[in-house]
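Below is query39.txt, holding compact mmCIF, C-alpha atoms.
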# COMPACT_ATOMS: atom_id res chain seq x y z
CA MET E 1277 20.89 -10.25 7.25
CA MET E 1278 22.48 -6.85 6.72
CA ALA E 1279 25.87 -6.29 5.14
CA LEU E 1280 27.46 -2.90 4.56
CA ALA E 1281 29.32 -2.28 1.33
CA SER E 1282 32.75 -0.68 1.47
CA ALA E 1283 31.76 2.53 -0.33
CA PRO E 1284 28.33 3.59 0.94
CA ASP E 1285 28.64 7.30 0.15
CA GLY E 1286 27.60 7.07 -3.51
CA ASN E 1287 24.19 5.53 -4.06
CA LEU E 1288 23.48 3.66 -0.85
CA SER E 1289 20.75 1.10 -1.66
CA VAL E 1290 18.65 -1.47 0.21
CA VAL E 1291 18.90 -4.59 -1.95
CA LEU E 1292 17.04 -7.89 -1.52
CA HIS E 1293 19.34 -10.66 -2.72
CA ALA E 1294 17.27 -13.65 -1.62
CA LYS E 1295 14.73 -14.67 0.99
CA ASP E 1296 15.80 -13.29 4.38
CA LYS E 1297 18.81 -11.53 2.85
CA ILE E 1298 18.69 -7.74 2.66
CA VAL E 1299 22.03 -6.08 1.91
CA LEU E 1300 22.86 -2.40 2.33
CA GLU E 1301 25.27 -1.67 -0.49
CA ASP E 1302 26.52 0.97 -2.88
CA SER E 1303 25.16 0.94 -6.45
CA PRO E 1304 25.75 3.08 -9.53
CA ILE E 1305 23.83 6.35 -9.74
CA PRO E 1306 21.48 5.82 -12.71
CA GLU E 1307 21.17 8.30 -15.57
CA PRO E 1308 17.64 9.07 -16.82
CA LYS E 1309 16.50 7.65 -20.15
CA GLU E 1310 14.74 9.99 -22.58
CA ASN E 1311 11.32 9.65 -20.89
CA GLU E 1312 12.60 9.42 -17.31
CA VAL E 1313 13.63 11.71 -14.51
CA GLN E 1314 16.45 11.17 -12.08
CA LEU E 1315 15.41 11.61 -8.45
CA LYS E 1316 17.11 12.25 -5.17
CA MET E 1317 14.95 9.95 -3.10
CA ALA E 1318 13.40 11.36 0.05
CA ALA E 1319 10.79 9.38 1.99
CA VAL E 1320 9.98 5.71 1.35
CA GLY E 1321 7.39 3.80 3.35
CA ILE E 1322 7.72 0.11 4.16
CA CYS E 1323 4.74 -1.83 2.81
CA GLY E 1324 3.45 -5.26 3.75
CA SER E 1325 4.52 -6.48 0.32
CA ASP E 1326 8.10 -5.41 1.10
CA ILE E 1327 7.93 -7.53 4.24
CA HIS E 1328 6.56 -10.48 2.23
CA MET E 1329 9.37 -10.18 -0.31
CA TRP E 1330 11.95 -10.11 2.49
CA SER E 1331 10.55 -12.88 4.69
CA ASP E 1332 8.96 -15.15 2.04
CA GLY E 1333 10.96 -14.35 -1.08
CA SER E 1334 7.75 -13.67 -2.96
CA ILE E 1335 4.47 -11.79 -3.04
CA GLY E 1336 1.56 -13.54 -4.74
CA ASP E 1337 3.05 -15.26 -7.77
CA LEU E 1338 5.98 -12.82 -8.01
CA GLY E 1339 9.23 -14.13 -6.60
CA ILE E 1340 12.76 -12.81 -6.26
CA THR E 1341 14.80 -13.98 -9.28
CA SER E 1342 17.71 -11.55 -9.03
CA PRO E 1343 18.85 -8.86 -6.56
CA LYS E 1344 16.45 -5.91 -6.51
CA THR E 1345 16.39 -2.63 -4.63
CA LEU E 1346 13.26 -2.57 -2.48
CA GLY E 1347 10.74 0.23 -1.93
CA HIS E 1348 7.73 1.50 -3.86
CA GLU E 1349 5.91 3.96 -1.56
CA ALA E 1350 8.20 6.77 -2.51
CA SER E 1351 8.81 10.47 -3.02
CA GLY E 1352 11.81 12.47 -4.16
CA THR E 1353 13.18 15.59 -5.81
CA VAL E 1354 14.00 15.76 -9.52
CA THR E 1355 17.75 16.13 -10.11
CA ALA E 1356 17.88 15.54 -13.89
CA VAL E 1357 15.40 15.04 -16.73
CA GLY E 1358 15.49 12.93 -19.89
CA SER E 1359 15.59 14.53 -23.32
CA ASN E 1360 11.85 14.04 -23.96
CA VAL E 1361 10.59 15.19 -20.55
CA THR E 1362 8.71 18.50 -20.53
CA SER E 1363 6.26 17.96 -17.66
CA LEU E 1364 8.85 18.20 -14.88
CA LYS E 1365 12.00 20.16 -14.14
CA VAL E 1366 14.96 19.96 -11.79
CA GLY E 1367 13.86 20.84 -8.26
CA ASP E 1368 10.29 19.56 -8.56
CA ARG E 1369 9.18 17.40 -5.65
CA VAL E 1370 7.21 14.36 -6.78
CA ALA E 1371 5.44 11.22 -5.64
CA LEU E 1372 5.97 8.02 -7.63
CA GLU E 1373 3.32 5.69 -9.00
CA PRO E 1374 5.29 2.44 -8.81
CA GLY E 1375 3.56 0.19 -11.33
CA ILE E 1376 4.84 0.68 -14.88
CA PRO E 1377 2.40 -0.84 -17.42
CA CYS E 1378 3.10 -1.32 -21.11
CA LEU E 1379 0.15 0.93 -22.13
CA ARG E 1380 -0.02 -0.99 -25.43
CA CYS E 1381 -1.83 -4.26 -24.69
CA ASP E 1382 -5.60 -4.75 -24.88
CA ILE E 1383 -5.87 -4.67 -21.07
CA CYS E 1384 -4.15 -1.30 -20.87
CA LYS E 1385 -6.07 0.11 -23.84
CA GLY E 1386 -9.27 -1.13 -22.21
CA GLY E 1387 -8.58 1.13 -19.24
CA ARG E 1388 -7.31 -1.35 -16.65
CA TYR E 1389 -3.57 -0.75 -16.80
CA ASN E 1390 -3.16 -1.80 -13.15
CA VAL E 1391 -3.54 -5.46 -14.21
CA CYS E 1392 -1.33 -5.19 -17.30
CA PRO E 1393 0.20 -8.65 -17.95
CA SER E 1394 3.54 -6.97 -18.67
CA MET E 1395 3.51 -4.74 -15.60
CA LEU E 1396 6.89 -3.79 -14.15
CA TYR E 1397 6.60 -3.70 -10.37
CA THR E 1398 8.96 -1.20 -8.76
CA GLY E 1399 10.79 -2.83 -5.89
CA VAL E 1400 9.86 -6.33 -7.08
CA THR E 1401 10.64 -6.90 -10.76
CA VAL E 1402 12.61 -3.67 -11.25
CA ASP E 1403 14.71 -1.69 -8.78
CA GLY E 1404 12.75 0.40 -6.30
CA GLY E 1405 13.21 3.60 -4.38
CA LEU E 1406 15.13 2.62 -1.24
CA ARG E 1407 18.35 4.26 -2.42
CA ARG E 1408 19.78 7.73 -2.56
CA TYR E 1409 19.19 8.19 -6.30
CA ALA E 1410 16.78 6.48 -8.69
CA CYS E 1411 15.18 6.99 -12.10
CA HIS E 1412 11.50 6.70 -12.90
CA PRO E 1413 9.25 7.38 -15.93
CA ALA E 1414 8.15 11.01 -15.82
CA GLU E 1415 4.63 9.93 -16.79
CA PHE E 1416 4.32 8.19 -13.44
CA CYS E 1417 5.67 11.04 -11.31
CA PHE E 1418 3.21 13.48 -9.73
CA LYS E 1419 4.34 16.96 -8.71
CA LEU E 1420 3.61 17.90 -5.10
CA PRO E 1421 2.27 21.32 -4.14
CA ASP E 1422 4.58 23.32 -1.89
CA HIS E 1423 2.45 22.70 1.21
CA VAL E 1424 2.42 18.90 0.78
CA SER E 1425 5.41 17.29 2.47
CA LEU E 1426 7.60 14.59 0.95
CA GLU E 1427 6.40 12.24 3.70
CA GLU E 1428 2.83 12.84 2.60
CA GLY E 1429 4.01 12.25 -0.95
CA ALA E 1430 5.22 8.81 0.08
CA LEU E 1431 1.77 8.11 1.56
CA LEU E 1432 0.05 8.76 -1.76
CA GLU E 1433 0.74 5.26 -3.08
CA PRO E 1434 -0.93 3.38 -0.20
CA LEU E 1435 -3.74 5.95 -0.19
CA CYS E 1436 -4.24 5.18 -3.89
CA VAL E 1437 -4.49 1.49 -3.05
CA ALA E 1438 -7.26 2.37 -0.59
CA ILE E 1439 -9.07 4.61 -3.09
CA HIS E 1440 -8.97 1.92 -5.78
CA ALA E 1441 -10.24 -0.69 -3.30
CA CYS E 1442 -13.12 1.55 -2.23
CA ARG E 1443 -14.02 2.25 -5.86
CA ARG E 1444 -13.96 -1.48 -6.60
CA ALA E 1445 -16.22 -1.99 -3.57
CA SER E 1446 -18.67 0.63 -4.87
CA VAL E 1447 -18.72 2.51 -1.57
CA TYR E 1448 -21.58 5.00 -1.62
CA ALA E 1449 -23.08 7.67 0.63
CA GLY E 1450 -24.93 5.92 3.44
CA SER E 1451 -23.16 2.58 3.13
CA LYS E 1452 -22.40 0.45 6.19
CA VAL E 1453 -18.81 -0.72 5.96
CA LEU E 1454 -16.76 -3.43 7.64
CA ILE E 1455 -12.98 -3.08 7.37
CA CYS E 1456 -10.99 -6.16 8.36
CA GLY E 1457 -7.55 -5.02 9.50
CA ALA E 1458 -6.38 -1.72 10.96
CA GLY E 1459 -2.94 -1.70 9.40
CA PRO E 1460 -1.88 1.12 7.07
CA ILE E 1461 -4.17 0.09 4.20
CA GLY E 1462 -7.12 -0.58 6.49
CA LEU E 1463 -6.71 2.82 8.14
CA LEU E 1464 -6.39 4.56 4.77
CA CYS E 1465 -9.53 2.71 3.60
CA LEU E 1466 -11.23 4.09 6.72
CA LEU E 1467 -10.25 7.64 5.80
CA THR E 1468 -11.36 7.07 2.22
CA VAL E 1469 -14.79 5.60 2.97
CA ARG E 1470 -15.46 8.57 5.24
CA VAL E 1471 -14.71 10.97 2.38
CA MET E 1472 -16.95 8.86 0.13
CA GLY E 1473 -19.87 9.20 2.54
CA ALA E 1474 -20.08 5.93 4.46
CA ALA E 1475 -22.71 6.22 7.18
CA SER E 1476 -21.10 3.84 9.68
CA VAL E 1477 -17.82 1.94 9.83
CA VAL E 1478 -16.69 -0.95 11.99
CA ILE E 1479 -13.06 -2.06 11.91
CA THR E 1480 -11.39 -5.17 13.32
CA ASP E 1481 -7.82 -6.02 14.25
CA LEU E 1482 -5.67 -8.22 16.47
CA VAL E 1483 -3.91 -5.25 18.06
CA GLN E 1484 -5.75 -2.85 20.38
CA SER E 1485 -3.40 0.08 19.73
CA ARG E 1486 -4.27 -0.03 16.04
CA LEU E 1487 -7.96 -0.05 16.87
CA ASP E 1488 -7.39 2.96 19.12
CA MET E 1489 -5.80 4.74 16.14
CA ALA E 1490 -8.78 3.75 13.98
CA VAL E 1491 -11.20 5.34 16.43
CA GLN E 1492 -9.09 8.52 16.44
CA LEU E 1493 -9.30 8.55 12.64
CA GLY E 1494 -13.08 8.23 12.58
CA ALA E 1495 -14.15 4.61 12.97
CA ASP E 1496 -17.54 4.32 14.66
CA HIS E 1497 -16.78 0.93 16.16
CA ALA E 1498 -13.61 -1.10 16.77
CA VAL E 1499 -13.71 -4.84 17.45
CA LEU E 1500 -10.69 -6.69 18.84
CA VAL E 1501 -10.08 -10.07 17.21
CA ASP E 1502 -9.31 -12.23 20.24
CA THR E 1503 -10.99 -15.45 19.14
CA LYS E 1504 -10.68 -17.93 16.26
CA ASP E 1505 -14.44 -18.51 16.35
CA VAL E 1506 -15.68 -16.94 13.11
CA GLN E 1507 -19.33 -16.98 14.17
CA GLU E 1508 -18.46 -15.23 17.42
CA MET E 1509 -16.61 -12.54 15.48
CA VAL E 1510 -19.56 -12.11 13.11
CA LYS E 1511 -21.87 -11.69 16.10
CA ARG E 1512 -19.60 -9.01 17.61
CA ILE E 1513 -19.39 -7.14 14.30
CA HIS E 1514 -23.17 -7.13 13.83
CA THR E 1515 -23.70 -6.04 17.43
CA ALA E 1516 -21.19 -3.20 17.15
CA LEU E 1517 -22.58 -1.96 13.84
CA GLY E 1518 -26.20 -2.50 14.86
CA ASP E 1519 -26.73 -4.05 11.45
CA LYS E 1520 -24.98 -6.15 8.81
CA PRO E 1521 -22.40 -4.39 6.65
CA ASN E 1522 -23.32 -4.13 2.99
CA ILE E 1523 -19.68 -3.53 2.01
CA THR E 1524 -16.63 -5.28 3.43
CA LEU E 1525 -13.03 -4.36 2.70
CA GLU E 1526 -10.80 -7.28 3.69
CA CYS E 1527 -7.35 -5.76 4.22
CA THR E 1528 -5.45 -8.59 5.94
CA GLY E 1529 -5.39 -11.59 3.62
CA ALA E 1530 -5.79 -13.81 6.70
CA PRO E 1531 -7.99 -16.86 6.03
CA ALA E 1532 -10.09 -16.32 9.18
CA ALA E 1533 -10.71 -12.69 8.23
CA LEU E 1534 -11.80 -13.66 4.73
CA GLN E 1535 -14.16 -16.25 6.15
CA THR E 1536 -15.52 -13.68 8.59
CA ALA E 1537 -16.04 -11.21 5.74
CA ILE E 1538 -18.22 -13.63 3.78
CA HIS E 1539 -20.26 -14.62 6.83
CA ALA E 1540 -20.68 -11.06 8.10
CA THR E 1541 -21.63 -9.22 4.90
CA GLN E 1542 -25.34 -8.87 4.26
CA ILE E 1543 -27.14 -10.65 1.44
CA GLY E 1544 -26.42 -8.98 -1.88
CA GLY E 1545 -23.43 -7.10 -0.49
CA VAL E 1546 -19.86 -6.68 -1.72
CA VAL E 1547 -16.68 -8.23 -0.32
CA THR E 1548 -13.51 -6.70 -1.74
CA LEU E 1549 -10.19 -8.50 -1.36
CA VAL E 1550 -7.50 -5.94 -0.63
CA GLY E 1551 -4.95 -7.76 1.54
CA LEU E 1552 -2.68 -10.46 0.13
CA GLY E 1553 -2.34 -13.67 2.12
CA PRO E 1554 -1.79 -17.35 1.27
CA TYR E 1555 -2.23 -18.27 -2.39
CA ASN E 1556 -4.88 -20.93 -1.59
CA ILE E 1557 -7.46 -20.41 1.16
CA ASP E 1558 -10.42 -22.48 2.39
CA LEU E 1559 -13.48 -20.24 1.95
CA PRO E 1560 -17.27 -20.72 2.34
CA ILE E 1561 -17.70 -19.89 -1.33
CA ILE E 1562 -21.09 -21.61 -1.63
CA LEU E 1563 -22.36 -19.34 1.14
CA ALA E 1564 -21.16 -16.40 -0.93
CA ALA E 1565 -23.12 -17.80 -3.87
CA PHE E 1566 -26.30 -18.31 -1.84
CA LYS E 1567 -26.03 -14.78 -0.47
CA GLU E 1568 -25.30 -13.42 -3.96
CA LEU E 1569 -22.27 -11.62 -2.66
CA ASP E 1570 -20.05 -9.84 -5.15
CA VAL E 1571 -16.52 -10.95 -4.28
CA ARG E 1572 -14.13 -8.56 -6.02
CA GLY E 1573 -10.39 -8.25 -6.26
CA ALA E 1574 -8.54 -4.96 -5.90
CA ILE E 1575 -4.88 -4.72 -6.81
CA MET E 1576 -2.60 -1.69 -6.83
CA GLN E 1577 -4.25 1.50 -8.12
CA LEU E 1578 -5.89 2.79 -11.28
CA ASN E 1579 -5.81 6.51 -12.14
CA CYS E 1580 -5.95 7.31 -8.43
CA PHE E 1581 -2.94 9.58 -7.88
CA PRO E 1582 -4.66 12.84 -8.87
CA THR E 1583 -7.54 12.03 -6.51
CA ALA E 1584 -5.21 11.02 -3.67
CA LEU E 1585 -3.15 14.16 -4.11
CA ASP E 1586 -6.27 16.32 -4.06
CA MET E 1587 -7.51 14.59 -0.89
CA ILE E 1588 -4.20 15.26 0.88
CA ALA E 1589 -3.61 18.76 -0.53
CA SER E 1590 -7.14 19.93 0.29
CA GLY E 1591 -7.00 18.65 3.84
CA LYS E 1592 -9.95 16.30 3.33
CA VAL E 1593 -7.68 13.47 4.42
CA ASN E 1594 -4.96 13.72 7.06
CA ALA E 1595 -2.94 10.54 6.75
CA LYS E 1596 0.09 11.74 8.71
CA PRO E 1597 -0.97 10.14 12.03
CA ILE E 1598 -0.39 6.65 10.61
CA ILE E 1599 3.35 7.39 10.28
CA THR E 1600 4.63 6.14 13.62
CA HIS E 1601 8.35 5.49 13.07
CA HIS E 1602 11.21 7.17 11.21
CA PHE E 1603 14.58 5.75 10.21
CA LYS E 1604 17.59 6.79 8.17
CA LEU E 1605 18.52 4.77 5.08
CA SER E 1606 21.52 3.39 6.95
CA GLU E 1607 19.09 2.03 9.57
CA ALA E 1608 17.06 0.08 6.99
CA MET E 1609 17.38 -3.31 8.68
CA LYS E 1610 16.09 -1.93 11.97
CA ALA E 1611 13.24 -0.28 10.07
CA PHE E 1612 12.25 -3.57 8.42
CA GLU E 1613 12.42 -5.47 11.69
CA THR E 1614 10.25 -2.82 13.37
CA ALA E 1615 7.68 -2.96 10.57
CA LYS E 1616 7.56 -6.75 10.53
CA ALA E 1617 7.13 -7.08 14.30
CA GLY E 1618 4.82 -4.10 14.68
CA ALA E 1619 7.12 -3.15 17.53
CA ASP E 1620 6.38 -0.15 19.74
CA GLY E 1621 2.99 0.42 18.14
CA ALA E 1622 4.43 0.62 14.62
CA ILE E 1623 1.91 1.21 11.86
CA LYS E 1624 3.64 2.96 8.95
CA VAL E 1625 7.42 2.91 9.11
CA MET E 1626 9.13 5.59 7.01
CA ILE E 1627 12.73 5.51 5.79
CA HIS E 1628 14.38 8.83 4.93
CA CYS E 1629 16.85 8.34 2.10
CA ASP E 1630 18.08 11.94 2.13
CA GLN E 1631 19.35 11.99 5.72

Translate this file's structure into structure tokens.
Amino acid sequence: MMALASAPDGNLSVVLHAKDKIVLEDSPIPEPKENEVQLKMAAVGICGSDIHMWSDGSIGDLGITSPKTLGHEASGTVTAVGSNVTSLKVGDRVALEPGIPCLRCDICKGGRYNVCPSMLYTGVTVDGGLRRYACHPAEFCFKLPDHVSLEEGALLEPLCVAIHACRRASVYAGSKVLICGAGPIGLLCLLTVRVMGAASVVITDLVQSRLDMAVQLGADHAVLVDTKDVQEMVKRIHTALGDKPNITLECTGAPAALQTAIHATQIGGVVTLVGLGPYNIDLPIILAAFKELDVRGAIMQLNCFPTALDMIASGKVNAKPIITHHFKLSEAMKAFETAKAGADGAIKVMIHCDQ
């Protein structure tokens, strides 16, 4: 559902009111608190979690409890700074790290702020970036070099998710990697494992056009998932790779893909759970035990923005090809429908809030 407020020229915002109910409406332009900056939002990518929030009303154990502005893969230009902010100035172009941890609990102090129990999730538990103007803590804004575009800035967040997942998976030079899913995160994981020195990479997906993109981005092998037979898929993966992967990045959350990951990964290997699917899944967990697989979770990102920015700014990673569709903020509903359906070869759908 899309409704248009009567005065959309102020701070036009894409607000999720309830499951299946996105409303395009005007909202107050926020003023920055002492440690925040005010931003004129630029590019905001639609993430799978945005789609989950819209279509399911929840993501994981986080549900919609009150209307929230969506969007967390975001970039913008600083238009005002809070009284305590010295790291940024008006006119700076920045990318936003969307998770806002407390930085005071034992988890945060122990160095794992990405799983802070008090985390504020931009676009889920606090208002996100799909609006003309927003405020964000300056500490979680990263200045973009002049040659890095605002679109690339919006790609930093999903690239950080990929970097964190690959670090959790302990990808190393010479590793043989299976990536389940050639969506945006799977493709960014592909780019990341290549930078980290993976010797060979096989990627799977339901959609051939996404596999074609994966090959263009450097995948050695692409396997179309056209069967529900897990053992058949495992056989195809091993044949394509010429070996068994010692690291698997599962980027779909689909039960069959998770089962395939456990069956396909070699004894003593690592399976990292990156995609978010159903809360409860039937898995061959005893097989994982017998194979002494390390099954690891990977959520959000952890001190990854400087690395992601360096990878983009240096040219080591070119993530721009995954952006396939562009929409204005006023076209948000069409953008969400395109992203959900994967229509017209859609991979990463980008909304431009400043047009």

Using Å and a single decimal, report how far atom CA of E:Thr1480 sits from atom CA of E:Leu1493.
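Those two atoms sit 13.9 Å apart.
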
Test item: residues at most 6 Å from stretch 1468-1474 of chain E, only C-alpha atoms, excluding those fewer than 5 positions along its chain, as a PyMOL selection string
chain E and resi 1449-1451

Excluding E:Val1357 and any residue of its chain fewer than 2 positions from it, enumerate the residues within 9 Å of it, using all atoms listed in the file, and give them as a PyMOL selection string.
chain E and resi 1307-1315+1354-1355+1359-1362+1364-1366+1414

Mind dumping the selected residues with C-alpha atoms as an mmCIF file, in the frame of the given file?
data_model
loop_
_atom_site.group_PDB
_atom_site.id
_atom_site.type_symbol
_atom_site.label_atom_id
_atom_site.label_comp_id
_atom_site.auth_asym_id
_atom_site.auth_seq_id
_atom_site.Cartn_x
_atom_site.Cartn_y
_atom_site.Cartn_z
ATOM 1 C CA GLU E 1307 21.170 8.300 -15.570
ATOM 2 C CA PRO E 1308 17.640 9.070 -16.820
ATOM 3 C CA LYS E 1309 16.500 7.650 -20.150
ATOM 4 C CA GLU E 1310 14.740 9.990 -22.580
ATOM 5 C CA ASN E 1311 11.320 9.650 -20.890
ATOM 6 C CA GLU E 1312 12.600 9.420 -17.310
ATOM 7 C CA VAL E 1313 13.630 11.710 -14.510
ATOM 8 C CA GLN E 1314 16.450 11.170 -12.080
ATOM 9 C CA LEU E 1315 15.410 11.610 -8.450
ATOM 10 C CA VAL E 1354 14.000 15.760 -9.520
ATOM 11 C CA THR E 1355 17.750 16.130 -10.110
ATOM 12 C CA SER E 1359 15.590 14.530 -23.320
ATOM 13 C CA ASN E 1360 11.850 14.040 -23.960
ATOM 14 C CA VAL E 1361 10.590 15.190 -20.550
ATOM 15 C CA THR E 1362 8.710 18.500 -20.530
ATOM 16 C CA LEU E 1364 8.850 18.200 -14.880
ATOM 17 C CA LYS E 1365 12.000 20.160 -14.140
ATOM 18 C CA VAL E 1366 14.960 19.960 -11.790
ATOM 19 C CA ALA E 1414 8.150 11.010 -15.820
#

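Distances from E:Lys1295, E:Cys1378, E:Gly1405, E:Ala1615 to E:Phe1603 were compared using all atoms listed in the file, and the smallest one belongs to E:Ala1615.
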
Smallest atom-to-atom distance to E:Cys1392: which of E:His1412, E:His1440, E:Arg1380, E:Arg1486, using all atoms listed in the file?
E:Arg1380

Please write as a list in words the list of polymer residues whose atoms come within 9 Å of (-13.7, 0.4, -2.6), counting all atoms listed in the file and keeping to the coordinates of the file.
Ala1438, Ile1439, His1440, Ala1441, Cys1442, Arg1443, Arg1444, Ala1445, Ser1446, Val1447, Cys1465, Thr1468, Val1469, Ile1523, Thr1524, Leu1525, Thr1548 and Ala1574 of chain E

How close does stretch 1400-1509 of chain E get to stretch 1316-1336 of chain E? List, as a tab-separated table, each residue of stretch 1400-1509 of chain E within 8 Å, its nearest atom pair and the distance in Å to one decimal, counting only C-alpha atoms.
residue	atom	partner	partner_atom	distance
E:Val1400	CA	E:Met1329	CA	7.8
E:Gly1405	CA	E:Met1317	CA	6.7
E:Leu1406	CA	E:Val1320	CA	6.5
E:Arg1407	CA	E:Met1317	CA	6.7
E:Arg1408	CA	E:Met1317	CA	5.3
E:Tyr1409	CA	E:Lys1316	CA	4.7
E:Ala1410	CA	E:Lys1316	CA	6.8
E:Leu1426	CA	E:Ala1319	CA	6.2
E:Glu1427	CA	E:Ala1319	CA	5.5
E:Gly1429	CA	E:Ala1319	CA	7.9
E:Ala1430	CA	E:Val1320	CA	5.8
E:Leu1431	CA	E:Gly1321	CA	7.3

Export, as a compact mmCIF listing (two decimals), keeping the file's coordinate frame, the selected residues with C-alpha atoms.
# COMPACT_ATOMS: atom_id res chain seq x y z
CA VAL E 1400 9.86 -6.33 -7.08
CA GLY E 1405 13.21 3.60 -4.38
CA LEU E 1406 15.13 2.62 -1.24
CA ARG E 1407 18.35 4.26 -2.42
CA ARG E 1408 19.78 7.73 -2.56
CA TYR E 1409 19.19 8.19 -6.30
CA ALA E 1410 16.78 6.48 -8.69
CA LEU E 1426 7.60 14.59 0.95
CA GLU E 1427 6.40 12.24 3.70
CA GLY E 1429 4.01 12.25 -0.95
CA ALA E 1430 5.22 8.81 0.08
CA LEU E 1431 1.77 8.11 1.56

Name all residues at most 10 Å from E:His1514 (count all atoms listed in the file; drop same-chain ones fewer than 4 positions away) and give them as a short mmCIF file (atom, residue, chain, number, x, y, z; two decimals) with C-alpha atoms, in the frame of the given file.
data_model
loop_
_atom_site.label_atom_id
_atom_site.label_comp_id
_atom_site.auth_asym_id
_atom_site.auth_seq_id
_atom_site.Cartn_x
_atom_site.Cartn_y
_atom_site.Cartn_z
CA LEU E 1454 -16.76 -3.43 7.64
CA VAL E 1478 -16.69 -0.95 11.99
CA MET E 1509 -16.61 -12.54 15.48
CA VAL E 1510 -19.56 -12.11 13.11
CA GLY E 1518 -26.20 -2.50 14.86
CA ASP E 1519 -26.73 -4.05 11.45
CA LYS E 1520 -24.98 -6.15 8.81
CA PRO E 1521 -22.40 -4.39 6.65
CA ALA E 1540 -20.68 -11.06 8.10
CA THR E 1541 -21.63 -9.22 4.90
CA GLN E 1542 -25.34 -8.87 4.26
#

Using atom CA of E:Gln1631 and atom CA of E:Ala1617 as the two end points, give the distance in Å to one decimal.
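Distance between the two atoms: 24.2 Å.
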
Interatomic distance between atom CA of E:Cys1629 and atom CA of E:Leu1552?
27.2 Å

Give the answer as one residue: which of E:Asp1630, E:Gly1591, E:Ala1532, E:Leu1432 has the shortest atom-to-atom distance to E:His1348, using only C-alpha atoms?
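Closest candidate: E:Leu1432.
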
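Of the residues under consideration (E:Val1571, E:Gly1529, E:Leu1482, E:Lys1452), E:Lys1452 shows the shortest atom-to-atom contact distance to E:Asp1496 when counting all atoms listed in the file.
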
Considering only C-alpha atoms, return as a PyMOL selection string whatever protein or nucleic-acid residues lie within 12 Å of E:Pro1374, sequence-local ones (same chain, fewer than 6 positions apart) excluded.
chain E and resi 1320+1346-1351+1390+1395-1405+1411-1418+1430+1432-1434+1436-1437+1576-1578+1581

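Residue nearest E:Pro1582 within the list E:Ile1298, E:Val1491, E:Ala1530, E:Leu1372: E:Leu1372 [criterion: smallest interatomic distance, all atoms listed in the file].
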
Taking all atoms of stretch 1380-1397 of chain E that appear in the file, build a box with edges along x, y and z, extend it by 4 Å on every side, and state its centre and edge lengths in Å to one decimal, as AutoDock Vina command-line options.
--center_x -1.2 --center_y -3.8 --center_z -17.9 --size_x 24.2 --size_y 17.8 --size_z 23.1

Place a sphere of radius 12 Å on (-6.5, 15.7, 0.9) in the file coordinates and name every protein, DNA or RNA residue with an atom inside or on its surface, counting all atoms listed in the file; give the answer as a PyMOL selection string.
chain E and resi 1420-1421+1423-1424+1428-1429+1431-1432+1435-1436+1464+1467-1468+1471+1581-1596

Please save C-alpha atoms of the selected residues as a PDB file, in the frame of the given file.
ATOM      1  CA  LEU E1420       3.610  17.900  -5.100  1.00  0.00           C
ATOM      2  CA  PRO E1421       2.270  21.320  -4.140  1.00  0.00           C
ATOM      3  CA  HIS E1423       2.450  22.700   1.210  1.00  0.00           C
ATOM      4  CA  VAL E1424       2.420  18.900   0.780  1.00  0.00           C
ATOM      5  CA  GLU E1428       2.830  12.840   2.600  1.00  0.00           C
ATOM      6  CA  GLY E1429       4.010  12.250  -0.950  1.00  0.00           C
ATOM      7  CA  LEU E1431       1.770   8.110   1.560  1.00  0.00           C
ATOM      8  CA  LEU E1432       0.050   8.760  -1.760  1.00  0.00           C
ATOM      9  CA  LEU E1435      -3.740   5.950  -0.190  1.00  0.00           C
ATOM     10  CA  CYS E1436      -4.240   5.180  -3.890  1.00  0.00           C
ATOM     11  CA  LEU E1464      -6.390   4.560   4.770  1.00  0.00           C
ATOM     12  CA  LEU E1467     -10.250   7.640   5.800  1.00  0.00           C
ATOM     13  CA  THR E1468     -11.360   7.070   2.220  1.00  0.00           C
ATOM     14  CA  VAL E1471     -14.710  10.970   2.380  1.00  0.00           C
ATOM     15  CA  PHE E1581      -2.940   9.580  -7.880  1.00  0.00           C
ATOM     16  CA  PRO E1582      -4.660  12.840  -8.870  1.00  0.00           C
ATOM     17  CA  THR E1583      -7.540  12.030  -6.510  1.00  0.00           C
ATOM     18  CA  ALA E1584      -5.210  11.020  -3.670  1.00  0.00           C
ATOM     19  CA  LEU E1585      -3.150  14.160  -4.110  1.00  0.00           C
ATOM     20  CA  ASP E1586      -6.270  16.320  -4.060  1.00  0.00           C
ATOM     21  CA  MET E1587      -7.510  14.590  -0.890  1.00  0.00           C
ATOM     22  CA  ILE E1588      -4.200  15.260   0.880  1.00  0.00           C
ATOM     23  CA  ALA E1589      -3.610  18.760  -0.530  1.00  0.00           C
ATOM     24  CA  SER E1590      -7.140  19.930   0.290  1.00  0.00           C
ATOM     25  CA  GLY E1591      -7.000  18.650   3.840  1.00  0.00           C
ATOM     26  CA  LYS E1592      -9.950  16.300   3.330  1.00  0.00           C
ATOM     27  CA  VAL E1593      -7.680  13.470   4.420  1.00  0.00           C
ATOM     28  CA  ASN E1594      -4.960  13.720   7.060  1.00  0.00           C
ATOM     29  CA  ALA E1595      -2.940  10.540   6.750  1.00  0.00           C
ATOM     30  CA  LYS E1596       0.090  11.740   8.710  1.00  0.00           C
TER      31      LYS E1596
END

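Minimum atom-to-atom distance to E:Ile1557, evaluated using only C-alpha atoms, belongs to E:Leu1534 out of E:Ile1543, E:Ile1305, E:Leu1500, E:Leu1534.
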